[in-house]
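K.L.:
Right, I'll just put the structure down here and ask away after.
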Amino acid sequence: MEPHGVWIYAIAERVAIPPLRQLTGVGGGPVRTVAAAGLTAVAEDVELAEFGEDALRRNLEDLGWLEATARAHHHVIDAVAQQGPLMPMRLATVYSGDEVIAATLAERTADFRSALARISGRKEWGVKAYAARQPQPDGAPERTTGPAGSSAGAGAAYLRRRRDELTSQKNTRRETLASAEVIHAELSRHAAETRVHPPQAPQLTGSKAPMILNAAYLLEDEWGEDFAAVVSALEGQHPGVKLELTGPWPPYSFAGTGEREESGGLTA
Amino acid sequence: MTIPASGEQTTPARRHRIDADPQSVERGLVSLVLTIVELLRQLMERQALRRVDQGTLTDEQIEKIGWTLMSLEQKMAELREHFGLEPEDLNLDLGPLGPLLPYE
Amino acid sequence: MDSRPEVEPALVPTAVIRHRPPPEPATHTERPAIHTERIALVDLLDRVLAGGVVVSGEVTLSIADVDLVTVSLRALVTSVSTLARSGADPEVLGR
């Protein structure tokens with residue numbers, strides 16, 4: 001028999017088994033549960049040839065594998081999240097067997113319960129902000145800058161133009177970041193908790209505009225529509241910024257038990 | 001593999017290699033090289049502006065430096081165009097350090 | 001086979017993607033209940049990968065399937081990740 005491990009999708013209090021039967025897991029197998037200490041882990045038996053530490057290191061760099069696995073992982077979590085509060089695990093939480101899982105559930109019951117309580121009745125929403133592309137100015141501004149005063153040549157004119165461009169870019173960047181902070185502060189007022197993620201690389205988003213905010217907001221269940229309205233309003237108030245809203249998500253960004261916090265802070 | 005397919009076909013393990021098709025070899029290597037050149041160009045430009053502000057350059061020096069930087073910028077634009085690269089292609093994502101070159 | 005219990009997550013799941021075109025543009029949605037297929041991969045990866053996704057500046061040139069030259073920033077990124085994340089297991093990051 002191939003060496004195998006147990007992939008964990010999420011931890012909840014009680015999980016009804018019959019709905020799990022319709023799900024296919026990341027390893028193509030059935031989804032099951034491991035229960036201990038009044039908690040339930042949603043799990044799947046997986047082969048270490050694909051999901052062991054070495055294999056994962058290779059596979060996580062394969063975008064095709066990563067996409068398929070991430071989506072399969074999310075599919076299971078999303079389905080189980082319909083049943084009630086659950087703590088989603090990040091990708092690649094693999095245990096060597098059920099006994100260890102049960103032991104972990106028993107050992108850290110208080111942590112898991114308090115995490116579940118924090119997210120109960122709430123959903124995650126994501127907001128990304130981009131700096132709207134400013135139209136480039138047509139010609140160089142006429143004013144001279146710098147102590148050298150008026151230098152007649154093309155070289156000096158080039159430097160003046162570049163200085164003006166750099167200054168204006170710096171100002172625009174500063175204003176945009178200030179907008180991002182104001183927007184994040186306003187959105188946070190509506191949320192029980194927030195997490196700030198690093199901005200996404202443009203090669204992955206396909207957008208040329210720089211991303212200046214990538215944040216997750218934990219909202220009470222029924223507040224999604226109101227939040228969408230707040231996002232629209234903020235976009236109107238900040239013409240230099242374009243906002244995108246995604247959600248609702250299972251509370252991925254808020255499922256930590258406090259041991260390792262996502263570092264916050266807006267982008268520079 | 002037993003994972004459910006996402007619809008995209010699995011490409012062979014060497015997908016991340018740049019095959020020796022002359023065009024793609026050039027593009028991969030060239031974009032890396034031009035990124036470094038662009039980094040240096042921006043650094044030199046900023047340093048030049050700083051020196052101008054400090055007033056430590058003569059008019060003649062300012063003119064010469066400006067002219068050189070302007071030619072360099074033009075040359076970069078030509079090279080980019082020749083290899084079909086957009087300005088945004090000349091950048092590197094250093095993960096936690098952010099992008100190598102500022103956007104814009 | 002290693003029988004010690006593996007702590008969560010088994011690795012610091014940092015995916016390194018080399019010079020691939022973007023998988024799909026981010027989708028804008030204001031309505032709840034998105035089907036999985038319409039979720040933008042980047043948004044999903046933000047949430048399920050602890051380390052996020054790094055597009056590394058790695059270029060490998062090969063002729064006739066023989067790798068000749070590899071220019072890699074990956075070592076730099078990995079070691080910076082090691083410094084930035086206290087508590088990361090150095091052996092897990094492969095350096």
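By convention here, the chains of the structure tokens are called A, B, ... in the order presented, each chain's residues are numbered starting at 1, and ligands are numbered starting at 1 in the order presented.
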With the cut-off set at 6 Å and counting only C-alpha atoms, tabulate each residue of chain A with an atom at most that distance from an atom of chain B, showing the nearest atom pair and its distance in Å to one decimal, ordered by chain and increasing number, as a Markdown table.
P.N.:
```
| residue | atom | partner | partner_atom | distance |
| --- | --- | --- | --- | --- |
| A:Val26 | CA | B:Ile3 | CA | 5.5 |
| A:Gly27 | CA | B:Ile3 | CA | 5.0 |
| A:Gly28 | CA | B:Ile3 | CA | 4.9 |
| A:Ala68 | CA | B:Ser6 | CA | 5.1 |
| A:Gly146 | CA | B:Asp53 | CA | 5.6 |
| A:Gly155 | CA | B:Gly66 | CA | 3.8 |
| A:Ala156 | CA | B:Glu63 | CA | 4.8 |
| A:Tyr158 | CA | B:Gly66 | CA | 5.9 |
| A:Leu159 | CA | B:Gly66 | CA | 5.4 |
```
K.L.:
Write out as a list in words every residue belonging to chain A that has an atom at most 6 Å from any atom of chain C, counting only C-alpha atoms.
P.N.:
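Selected residues: Leu60, Glu61, Arg90, Leu91, Ala92, Thr93, Val94, Tyr95, Gln203, Leu204, Thr205, Gly206, Glu244, Thr246, Pro248 and Tyr252 of chain A.
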K.L.:
Could the residues in this selection be saved with C-alpha atoms as a PDB file, in the first residue's frame?
P.N.:
```pdb
ATOM      1  CA  LEU A  60       3.283  23.896  -5.527  1.00  0.00           C
ATOM      2  CA  GLU A  61       5.451  25.395  -8.256  1.00  0.00           C
ATOM      3  CA  ARG A  90      -4.570  26.710   4.146  1.00  0.00           C
ATOM      4  CA  LEU A  91      -3.238  24.521   1.380  1.00  0.00           C
ATOM      5  CA  ALA A  92      -1.098  21.590   2.303  1.00  0.00           C
ATOM      6  CA  THR A  93      -2.146  20.795   5.848  1.00  0.00           C
ATOM      7  CA  VAL A  94      -1.244  17.132   5.850  1.00  0.00           C
ATOM      8  CA  TYR A  95      -1.065  14.871   8.876  1.00  0.00           C
ATOM      9  CA  GLN A 203       1.925  39.359 -13.863  1.00  0.00           C
ATOM     10  CA  LEU A 204      -0.763  37.400 -12.048  1.00  0.00           C
ATOM     11  CA  THR A 205      -3.600  39.888 -12.091  1.00  0.00           C
ATOM     12  CA  GLY A 206      -3.105  40.886 -15.687  1.00  0.00           C
ATOM     13  CA  GLU A 244     -12.930  45.533  -6.730  1.00  0.00           C
ATOM     14  CA  THR A 246     -15.068  39.762  -4.038  1.00  0.00           C
ATOM     15  CA  PRO A 248     -18.520  36.115   0.267  1.00  0.00           C
ATOM     16  CA  TYR A 252      -9.774  31.896   5.124  1.00  0.00           C
TER      17      TYR A 252
END
```
K.L.:
Give me, please, the distance in Å between CA of Asp78 in chain A and CA of Ala10 in chain A, quoted to one decimal.
P.N.:
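The value is 10.1 Å.
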K.L.:
Let's see if you can do this: from backbone DSSP, list all helix (DSSP H, G or I) residues in range 57-221 of chain A, as a PyMOL selection string.
P.N.:
chain A and resi 57-59+63-81+98-107+109-119+154-189+202-205+221
